[in-house]
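Chemist: What follows is start26.csv, made up of CSV, C-alpha atoms:
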chain,number,residue,atom,x,y,z
A,1,MET,CA,-116.3,-77.0,23.7
A,2,ASN,CA,-116.4,-75.0,20.5
A,3,SER,CA,-115.1,-77.2,17.7
A,4,LYS,CA,-113.0,-74.3,16.4
A,5,SER,CA,-111.3,-73.7,19.8
A,6,PRO,CA,-107.9,-75.4,20.1
A,7,ILE,CA,-107.5,-78.1,22.7
A,8,LYS,CA,-105.3,-76.6,25.4
A,9,GLY,CA,-102.0,-78.3,26.2
A,10,ARG,CA,-102.0,-80.5,23.1
A,11,GLY,CA,-100.3,-80.2,19.8
A,12,ALA,CA,-102.6,-82.3,17.6
A,13,GLN,CA,-106.1,-81.0,17.7
A,14,ARG,CA,-107.9,-84.3,16.8
A,15,ASN,CA,-107.3,-88.0,16.2
A,16,VAL,CA,-107.0,-89.0,12.6
A,17,PRO,CA,-108.0,-92.5,11.5
A,18,ASN,CA,-105.5,-95.3,12.0
A,19,ARG,CA,-104.9,-96.8,8.5
A,20,PHE,CA,-104.5,-100.2,10.0
A,21,LEU,CA,-108.0,-100.1,11.5
A,22,GLU,CA,-109.9,-99.5,8.2
A,23,PHE,CA,-112.0,-102.6,8.7
A,24,CYS,CA,-112.5,-102.2,12.5
A,25,HIS,CA,-114.8,-99.2,12.7
A,26,LYS,CA,-117.0,-101.0,15.2
A,27,GLU,CA,-114.1,-100.8,17.6
A,28,GLY,CA,-113.5,-97.1,17.0
A,29,GLU,CA,-112.4,-94.5,19.5
A,30,VAL,CA,-114.7,-93.7,22.4
A,31,PRO,CA,-114.8,-90.0,23.5
A,32,ASP,CA,-112.6,-89.6,26.6
A,33,ALA,CA,-111.2,-87.0,28.9
A,34,ASN,CA,-108.1,-85.1,27.8
A,35,LYS,CA,-105.9,-87.1,30.1
A,36,THR,CA,-102.6,-89.1,29.6
A,37,LEU,CA,-102.6,-92.8,30.2
A,38,TYR,CA,-99.4,-94.8,30.9
A,39,LEU,CA,-99.5,-98.3,29.5
A,40,ASP,CA,-96.9,-101.0,30.3
A,41,VAL,CA,-95.4,-102.8,27.3
A,42,PHE,CA,-92.8,-105.6,27.2
A,43,PRO,CA,-90.6,-105.6,24.1
A,44,LYS,CA,-88.0,-108.4,23.7
A,45,THR,CA,-85.2,-106.0,22.7
A,46,ILE,CA,-84.6,-102.3,23.3
A,47,VAL,CA,-81.6,-101.4,21.0
A,48,ASN,CA,-82.6,-100.8,17.4
A,49,LYS,CA,-80.3,-100.7,14.4
A,50,VAL,CA,-81.0,-97.6,12.3
A,51,GLU,CA,-81.0,-98.5,8.6
A,52,SER,CA,-81.7,-95.0,7.2
A,53,PRO,CA,-78.5,-93.8,5.4
A,54,ASP,CA,-79.1,-90.1,6.0
A,55,ILE,CA,-79.6,-90.2,9.8
A,56,GLY,CA,-76.5,-89.6,11.9
A,57,MET,CA,-76.9,-92.6,14.2
A,58,ALA,CA,-76.4,-96.3,13.9
A,59,TYR,CA,-78.3,-97.5,17.0
A,60,SER,CA,-81.1,-96.0,19.0
A,61,MET,CA,-83.3,-96.9,21.9
A,62,ASN,CA,-86.6,-95.6,23.2
A,63,ALA,CA,-87.8,-96.0,26.8
A,64,TYR,CA,-91.2,-94.7,25.8
A,65,GLN,CA,-93.5,-95.0,22.8
A,66,GLY,CA,-95.6,-91.9,22.2
A,67,CYS,CA,-94.7,-88.5,23.7
A,68,GLU,CA,-96.7,-86.2,25.9
A,69,HIS,CA,-94.6,-83.2,24.7
A,70,GLY,CA,-97.1,-82.9,21.9
A,71,CYS,CA,-94.8,-81.4,19.3
A,72,ILE,CA,-97.1,-81.0,16.3
A,73,TYR,CA,-94.5,-81.7,13.6
A,74,CYS,CA,-93.0,-84.9,15.3
A,75,TYR,CA,-92.1,-87.6,12.7
A,76,ALA,CA,-92.5,-90.2,15.4
A,77,ARG,CA,-96.3,-89.8,15.4
A,78,ASN,CA,-96.8,-92.3,12.6
A,79,SER,CA,-95.1,-95.1,14.6
A,80,HIS,CA,-98.0,-95.0,17.0
A,81,GLU,CA,-100.3,-96.5,14.3
A,82,PHE,CA,-98.3,-99.8,14.5
A,83,TRP,CA,-99.5,-100.1,18.1
A,84,GLY,CA,-103.2,-99.7,17.0
A,85,TYR,CA,-103.4,-96.0,18.0
A,86,SER,CA,-103.8,-92.7,16.2
A,87,ALA,CA,-100.9,-90.5,15.2
A,88,GLY,CA,-102.9,-87.5,16.6
A,89,LEU,CA,-104.1,-87.2,20.2
A,90,ASP,CA,-103.4,-90.8,21.0
A,91,PHE,CA,-99.7,-90.2,20.4
A,92,GLU,CA,-99.8,-87.6,23.2
A,93,ARG,CA,-102.2,-89.3,25.5
A,94,ARG,CA,-101.4,-93.1,25.3
A,95,ILE,CA,-97.8,-93.4,26.4
A,96,MET,CA,-96.3,-96.9,26.4
A,97,VAL,CA,-93.8,-97.4,29.1
A,98,LYS,CA,-90.9,-100.0,28.7
A,99,LYS,CA,-90.0,-100.7,32.3
A,100,ASP,CA,-87.7,-103.5,31.3
A,101,ALA,CA,-85.5,-101.2,29.2
A,102,PRO,CA,-82.6,-101.1,31.7
A,103,LYS,CA,-82.5,-104.9,31.9
A,104,LEU,CA,-82.8,-105.3,28.1
A,105,LEU,CA,-80.0,-102.8,27.6
A,106,GLU,CA,-77.7,-104.6,30.0
A,107,ALA,CA,-78.3,-107.9,28.2
A,108,GLN,CA,-77.4,-106.2,24.9
A,109,LEU,CA,-74.2,-104.7,26.2
A,110,LYS,CA,-73.1,-108.0,27.7
A,111,LYS,CA,-73.4,-109.9,24.4
A,112,LYS,CA,-70.1,-111.3,23.2
A,113,SER,CA,-71.0,-110.3,19.7
A,114,TRP,CA,-71.8,-106.7,20.6
A,115,LYS,CA,-69.2,-104.1,19.6
A,116,ALA,CA,-69.4,-100.7,21.2
A,117,HIS,CA,-71.0,-98.0,19.1
A,118,PRO,CA,-72.8,-94.9,20.4
A,119,ILE,CA,-76.4,-95.7,21.2
A,120,VAL,CA,-78.8,-92.7,20.9
A,121,MET,CA,-81.5,-92.4,23.5
A,122,SER,CA,-84.6,-90.8,22.0
A,123,GLY,CA,-84.1,-91.7,18.4
A,124,ASN,CA,-87.9,-91.7,18.2
A,125,THR,CA,-89.5,-90.2,21.3
A,126,ASP,CA,-88.0,-88.0,24.1
A,127,CYS,CA,-86.4,-90.0,26.9
A,128,TYR,CA,-87.0,-87.0,29.3
A,129,GLN,CA,-90.6,-86.5,28.5
A,130,PRO,CA,-93.0,-86.0,31.5
A,131,ALA,CA,-93.3,-89.8,32.1
A,132,GLU,CA,-89.6,-90.0,33.0
A,133,LYS,CA,-90.2,-88.0,36.2
A,134,GLN,CA,-92.3,-90.8,37.4
A,135,PHE,CA,-90.7,-93.9,36.0
A,136,GLU,CA,-87.0,-92.9,35.9
A,137,ILE,CA,-86.2,-95.4,33.2
A,138,THR,CA,-83.8,-93.1,31.5
A,139,ARG,CA,-81.8,-92.6,34.7
A,140,GLN,CA,-81.6,-96.4,35.2
A,141,CYS,CA,-80.4,-96.8,31.6
A,142,LEU,CA,-77.6,-94.2,32.1
A,143,GLU,CA,-76.5,-96.2,35.2
A,144,VAL,CA,-76.2,-99.2,32.9
A,145,PHE,CA,-74.1,-97.3,30.3
A,146,LEU,CA,-71.9,-96.0,33.1
A,147,LYS,CA,-71.4,-99.5,34.6
A,148,TYR,CA,-70.4,-101.0,31.3
A,149,LYS,CA,-68.4,-97.9,30.1
A,150,HIS,CA,-70.4,-97.6,27.0
A,151,PRO,CA,-70.9,-94.5,24.9
A,152,VAL,CA,-74.4,-92.9,24.8
A,153,ALA,CA,-75.9,-89.8,23.2
A,154,ILE,CA,-79.2,-88.2,24.3
A,155,ILE,CA,-81.7,-86.1,22.3
A,156,THR,CA,-84.1,-84.1,24.4
A,157,LYS,CA,-85.9,-80.8,24.8
A,158,ASN,CA,-86.6,-81.1,28.5
A,159,ALA,CA,-84.6,-79.6,31.4
A,160,LEU,CA,-85.3,-82.8,33.4
A,161,ILE,CA,-82.0,-84.0,32.1
A,162,LEU,CA,-80.3,-81.9,34.8
A,163,ARG,CA,-81.8,-84.3,37.4
A,164,ASP,CA,-79.2,-86.8,36.2
A,165,LEU,CA,-76.2,-84.4,36.1
A,166,ASP,CA,-74.3,-86.7,38.5
A,167,LEU,CA,-74.4,-89.6,36.0
A,168,LEU,CA,-73.6,-87.3,33.1
A,169,LYS,CA,-70.6,-85.9,34.9
A,170,ALA,CA,-69.4,-89.5,35.6
A,171,LEU,CA,-69.9,-90.5,32.0
A,172,VAL,CA,-68.1,-87.5,30.5
A,173,LYS,CA,-64.9,-88.3,32.5
A,174,ASP,CA,-64.4,-91.0,29.9
A,175,ASP,CA,-65.9,-89.2,26.9
A,176,LEU,CA,-69.0,-91.5,27.0
A,177,ILE,CA,-71.8,-88.9,26.7
A,178,ALA,CA,-73.0,-86.2,24.3
A,179,VAL,CA,-76.3,-84.3,24.5
A,180,ASN,CA,-78.4,-82.9,21.7
A,181,MET,CA,-80.8,-80.2,23.0
A,182,SER,CA,-83.7,-79.3,20.6
A,183,ILE,CA,-84.5,-75.6,20.5
A,184,THR,CA,-86.8,-74.6,17.7
A,185,SER,CA,-87.7,-71.0,18.6
A,186,LEU,CA,-86.8,-68.1,20.9
A,187,SER,CA,-90.5,-67.1,21.0
A,188,GLU,CA,-92.5,-68.5,23.9
A,189,HIS,CA,-95.7,-68.0,22.0
A,190,ILE,CA,-94.4,-70.2,19.2
A,191,ARG,CA,-93.0,-72.7,21.6
A,192,ARG,CA,-96.4,-73.0,23.4
A,193,VAL,CA,-98.4,-73.7,20.3
A,194,LEU,CA,-95.7,-75.7,18.5
A,195,GLU,CA,-94.5,-77.8,21.4
A,196,PRO,CA,-97.2,-77.4,24.1
A,197,ARG,CA,-95.8,-79.6,27.0
A,198,THR,CA,-92.1,-78.9,26.7
A,199,THR,CA,-89.7,-77.0,28.8
A,200,THR,CA,-89.6,-73.2,28.2
A,201,ILE,CA,-87.0,-71.8,25.9
A,202,LYS,CA,-85.3,-70.0,28.9
A,203,LYS,CA,-84.9,-73.2,30.8
A,204,ARG,CA,-83.6,-75.0,27.7
A,205,LEU,CA,-80.9,-72.4,27.2
A,206,GLU,CA,-80.1,-72.5,30.9
A,207,THR,CA,-79.8,-76.3,30.6
A,208,VAL,CA,-77.3,-76.0,27.7
A,209,LYS,CA,-75.3,-73.6,29.9
A,210,VAL,CA,-75.3,-75.9,32.9
A,211,LEU,CA,-74.3,-79.0,30.9
A,212,SER,CA,-71.6,-77.0,29.1
A,213,GLU,CA,-70.2,-75.6,32.3
A,214,ASN,CA,-69.8,-79.2,33.5
A,215,GLY,CA,-67.9,-80.2,30.5
A,216,ILE,CA,-70.7,-82.1,28.8
A,217,PRO,CA,-70.7,-81.5,25.1
A,218,VAL,CA,-73.9,-80.1,23.7
A,219,ASN,CA,-75.2,-79.9,20.2
A,220,VAL,CA,-78.3,-77.7,19.6
A,221,MET,CA,-80.8,-79.0,17.1
A,222,LEU,CA,-82.6,-76.3,15.2
A,223,ALA,CA,-85.1,-78.9,14.1
A,224,PRO,CA,-87.3,-78.7,12.3
A,225,ILE,CA,-87.1,-75.3,10.5
A,226,ILE,CA,-90.6,-74.4,9.4
A,227,PRO,CA,-90.9,-71.7,6.7
A,228,SER,CA,-92.6,-68.6,8.0
A,229,ILE,CA,-92.9,-70.0,11.5
A,230,ASN,CA,-89.3,-70.2,12.8
A,231,SER,CA,-87.2,-69.8,9.6
A,232,HIS,CA,-86.4,-66.2,10.4
A,233,GLU,CA,-84.9,-67.2,13.7
A,234,ILE,CA,-81.9,-69.2,12.4
A,235,LEU,CA,-79.2,-66.7,13.1
A,236,PRO,CA,-80.5,-65.6,16.6
A,237,LEU,CA,-81.1,-69.2,17.6
A,238,ALA,CA,-77.5,-70.1,16.5
A,239,LYS,CA,-76.1,-67.1,18.4
A,240,ALA,CA,-78.0,-68.0,21.6
A,241,ALA,CA,-76.9,-71.6,21.4
A,242,SER,CA,-73.3,-70.6,21.0
A,243,ASP,CA,-73.5,-67.9,23.8
A,244,TYR,CA,-74.9,-70.5,26.2
A,245,GLY,CA,-72.0,-73.0,25.4
A,246,ALA,CA,-73.2,-75.3,22.7
A,247,LEU,CA,-70.4,-76.7,20.5
A,248,SER,CA,-72.4,-77.1,17.3
A,249,ILE,CA,-75.8,-76.9,15.7
A,250,ALA,CA,-77.8,-79.2,13.4
A,251,HIS,CA,-81.0,-78.6,11.4
A,252,THR,CA,-83.7,-80.2,9.3
A,253,ILE,CA,-86.4,-78.7,7.2
A,254,VAL,CA,-89.9,-79.9,8.3
A,255,ARG,CA,-91.5,-82.7,6.3
A,256,LEU,CA,-95.0,-83.9,7.0
A,257,ASN,CA,-94.9,-87.6,6.3
A,258,GLY,CA,-97.9,-90.0,6.6
A,259,ALA,CA,-100.7,-88.8,8.9
A,260,ILE,CA,-98.7,-85.8,10.1
A,261,GLY,CA,-99.6,-83.8,7.0
A,262,GLU,CA,-103.3,-83.9,8.0
A,263,ILE,CA,-102.6,-83.4,11.7
A,264,PHE,CA,-100.3,-80.4,11.1
A,265,SER,CA,-102.6,-78.8,8.6
A,266,ASP,CA,-105.5,-79.0,11.0
A,267,TRP,CA,-103.4,-77.5,13.8
A,268,LEU,CA,-102.0,-74.8,11.6
A,269,HIS,CA,-105.5,-73.5,10.5
A,270,LYS,CA,-106.6,-73.5,14.1
A,271,THR,CA,-103.6,-71.9,15.8
A,272,LEU,CA,-102.0,-69.7,13.1
A,273,PRO,CA,-104.9,-69.2,10.6
A,274,ASP,CA,-103.5,-65.9,9.2
A,275,ARG,CA,-100.5,-67.6,7.7
A,276,ALA,CA,-101.7,-71.2,7.3
A,277,GLU,CA,-101.8,-71.4,3.5
A,278,LYS,CA,-98.6,-69.5,3.1
A,279,VAL,CA,-96.8,-71.9,5.5
A,280,LEU,CA,-98.2,-75.0,3.7
A,281,HIS,CA,-97.3,-73.8,0.3
A,282,GLN,CA,-93.7,-72.9,1.4
A,283,ILE,CA,-93.3,-76.4,2.9
A,284,GLU,CA,-94.5,-77.9,-0.4
A,285,SER,CA,-92.0,-75.7,-2.3
A,286,CYS,CA,-89.2,-77.4,-0.2
A,287,HIS,CA,-90.3,-80.9,-1.2
A,288,GLY,CA,-91.2,-80.8,-4.9
A,289,GLY,CA,-94.7,-79.6,-4.5
A,290,HIS,CA,-95.6,-82.0,-1.6
A,291,LEU,CA,-95.8,-81.8,2.1
A,292,ASN,CA,-93.5,-84.8,2.4
A,293,ASN,CA,-90.4,-86.1,0.7
A,294,SER,CA,-89.2,-89.5,1.6
A,295,ARG,CA,-86.1,-89.7,-0.7
A,296,TYR,CA,-82.9,-90.3,1.2
A,297,GLY,CA,-80.5,-87.5,0.8
A,298,THR,CA,-83.0,-84.7,0.1
A,299,ARG,CA,-85.8,-85.4,2.6
A,300,MET,CA,-84.0,-83.8,5.6
A,301,HIS,CA,-82.8,-80.5,4.0
A,302,GLY,CA,-85.3,-80.2,1.1
A,303,GLU,CA,-84.7,-78.6,-2.3
A,304,GLY,CA,-85.8,-75.5,-4.2
A,305,LYS,CA,-85.2,-71.8,-3.5
A,306,ILE,CA,-86.7,-71.6,0.1
A,307,ALA,CA,-84.8,-74.7,1.2
A,308,GLU,CA,-81.6,-73.3,-0.4
A,309,GLN,CA,-82.0,-70.1,1.6
A,310,ILE,CA,-82.6,-72.0,4.9
A,311,ASN,CA,-79.6,-74.2,4.3
A,312,ASN,CA,-77.4,-71.3,3.4
A,313,LEU,CA,-78.4,-69.4,6.6
A,314,VAL,CA,-77.5,-72.4,8.7
A,315,LYS,CA,-74.1,-72.6,6.9
A,316,LEU,CA,-73.6,-68.9,7.6
A,317,ALA,CA,-74.6,-69.4,11.3
A,318,ARG,CA,-72.0,-72.2,11.7
A,319,GLN,CA,-69.3,-70.0,10.2
A,320,LYS,CA,-70.2,-67.0,12.3
A,321,TYR,CA,-70.9,-68.6,15.7
A,322,PHE,CA,-69.2,-72.1,15.7
A,323,LYS,CA,-66.0,-71.5,13.6
A,324,ASP,CA,-63.7,-72.7,16.3
A,325,LYS,CA,-66.0,-75.2,18.0
A,326,GLN,CA,-66.8,-78.9,17.4
A,327,MET,CA,-68.3,-81.9,19.1
A,328,PRO,CA,-65.9,-84.5,20.4
A,329,ARG,CA,-66.1,-88.1,19.3
A,330,LEU,CA,-67.4,-90.5,21.8
A,331,ASN,CA,-65.1,-93.2,23.3
A,332,CYS,CA,-65.8,-96.7,22.0
A,333,ASN,CA,-62.6,-98.2,23.4
A,334,LEU,CA,-63.5,-98.8,27.0
A,335,HIS,CA,-66.5,-101.1,26.8
A,336,GLU,CA,-64.9,-104.4,25.9
A,337,PRO,CA,-63.1,-105.0,29.2
A,338,TYR,CA,-66.2,-104.1,31.1
A,339,LYS,CA,-68.6,-106.5,29.6
A,340,GLU,CA,-69.1,-108.2,32.9
A,341,GLY,CA,-69.8,-104.9,34.6
A,342,GLN,CA,-66.3,-104.5,35.9
A,343,LEU,CA,-62.8,-104.2,34.5
A,344,ARG,CA,-61.4,-107.6,33.4
A,345,LEU,CA,-57.9,-108.2,34.8
A,346,PHE,CA,-57.2,-111.4,32.9
Show me the file's structure as structure tokens.

Modeler:
Amino acid sequence: MNSKSPIKGRGAQRNVPNRFLEFCHKEGEVPDANKTLYLDVFPKTIVNKVESPDIGMAYSMNAYQGCEHGCIYCYARNSHEFWGYSAGLDFERRIMVKKDAPKLLEAQLKKKSWKAHPIVMSGNTDCYQPAEKQFEITRQCLEVFLKYKHPVAIITKNALILRDLDLLKALVKDDLIAVNMSITSLSEHIRRVLEPRTTTIKKRLETVKVLSENGIPVNVMLAPIIPSINSHEILPLAKAASDYGALSIAHTIVRLNGAIGEIFSDWLHKTLPDRAEKVLHQIESCHGGHLNNSRYGTRMHGEGKIAEQINNLVKLARQKYFKDKQMPRLNCNLHEPYKEGQLRLF
């Protein structure tokens, strides 16, 4: 294969060195076929407390580590290095599967010390990525949430969520579910290069419509906004989200932390070479001259003129298309009597 030709069906175009393997070169990567491997892992817990003060969730859980969707900008890529893998192609091709997740979740919800609080599925990697079609771990976890009347929120960009519409409809009867659908562009060309193994934009919008028609509250995530790639689409994206039934939108400005800066830059020069330097410089202008900003409070929405323009456009979009809409609060009051899996009578 021509080294300048993009690897089809993948976001990252190469593996970058894992910083934890600096002294283990003799055990380096062996060239392999461009295929996905599913690897069983057995964590002791599944619910994670989120300590970051500028993330709108307190608890999250991830049924899978790594994600075959291959979104080039994904902040979760760096977490793969803690498992001894690369944040590049390994992140997309070495998917760790937590088959015990439903059992671990049930144990957590049954703890006497546990107080109900919304748990977000996919705080790191998409719970409806292609692996879910085979393993159905997310569906099993939703059954646990329903059994214990516990609130749950989902972040995804995959229409596979509609497979579980029966469970979502059961959960929404008690205000126990909210869905966050990620839609970053209305252009299929941009979607294919930016998020190569994700559901098409048309299907994502249709998914928002089906969920909304069934009373399931949907927030559309315009995340991340990347200058000169999808920043011009903010208003049309917001309008489409509203037209298809979403109750709100949220956004972040792309930041390329850790190994993602190198991975994204390599991808950009191969897939969009005509605008590569412009995009990188504009990202830097949003983060004080760097591709990444890790400061709480500014890292998500950036700073500077370009960031200000993006944030103002999102504010305008909310006023124009979501003025009389809002997401409901999830119900945390039902769980306590159901800690044994059924309503306590005494």

Chemist: Give the answer as one residue: which of A:Gly341, A:Gly288, A:Ser248, A:Pro224 has the shortest atom-to-atom distance to Asp324 (chain A), using all atoms listed in the file?

Modeler: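 So, comparing all the options, the nearest one is A:Ser248.
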
Chemist: Just to confirm, what's the straight-line distance from CA of Arg10 (chain A) to CA of His189 (chain A) in Å (one decimal)?

Modeler: 14.0 Å

Chemist: Report the distance between CA of Leu222 (chain A) and CA of Ser52 (chain A) in Å, rounded to one decimal place.

Modeler: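 Distance reported for this atom pair: 20.4 Å.
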
Chemist: Can you tell me how far CA of Gly245 (chain A) sits from CA of Ala76 (chain A), in Å to one decimal?

Modeler: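 Distance between the two atoms: 28.6 Å.
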
Chemist: I'd like to know which of A:Pro53, A:Gly215, A:Gly9, A:Gly88 is closest to Arg197 (chain A), using only C-alpha atoms.

Modeler: A:Gly9
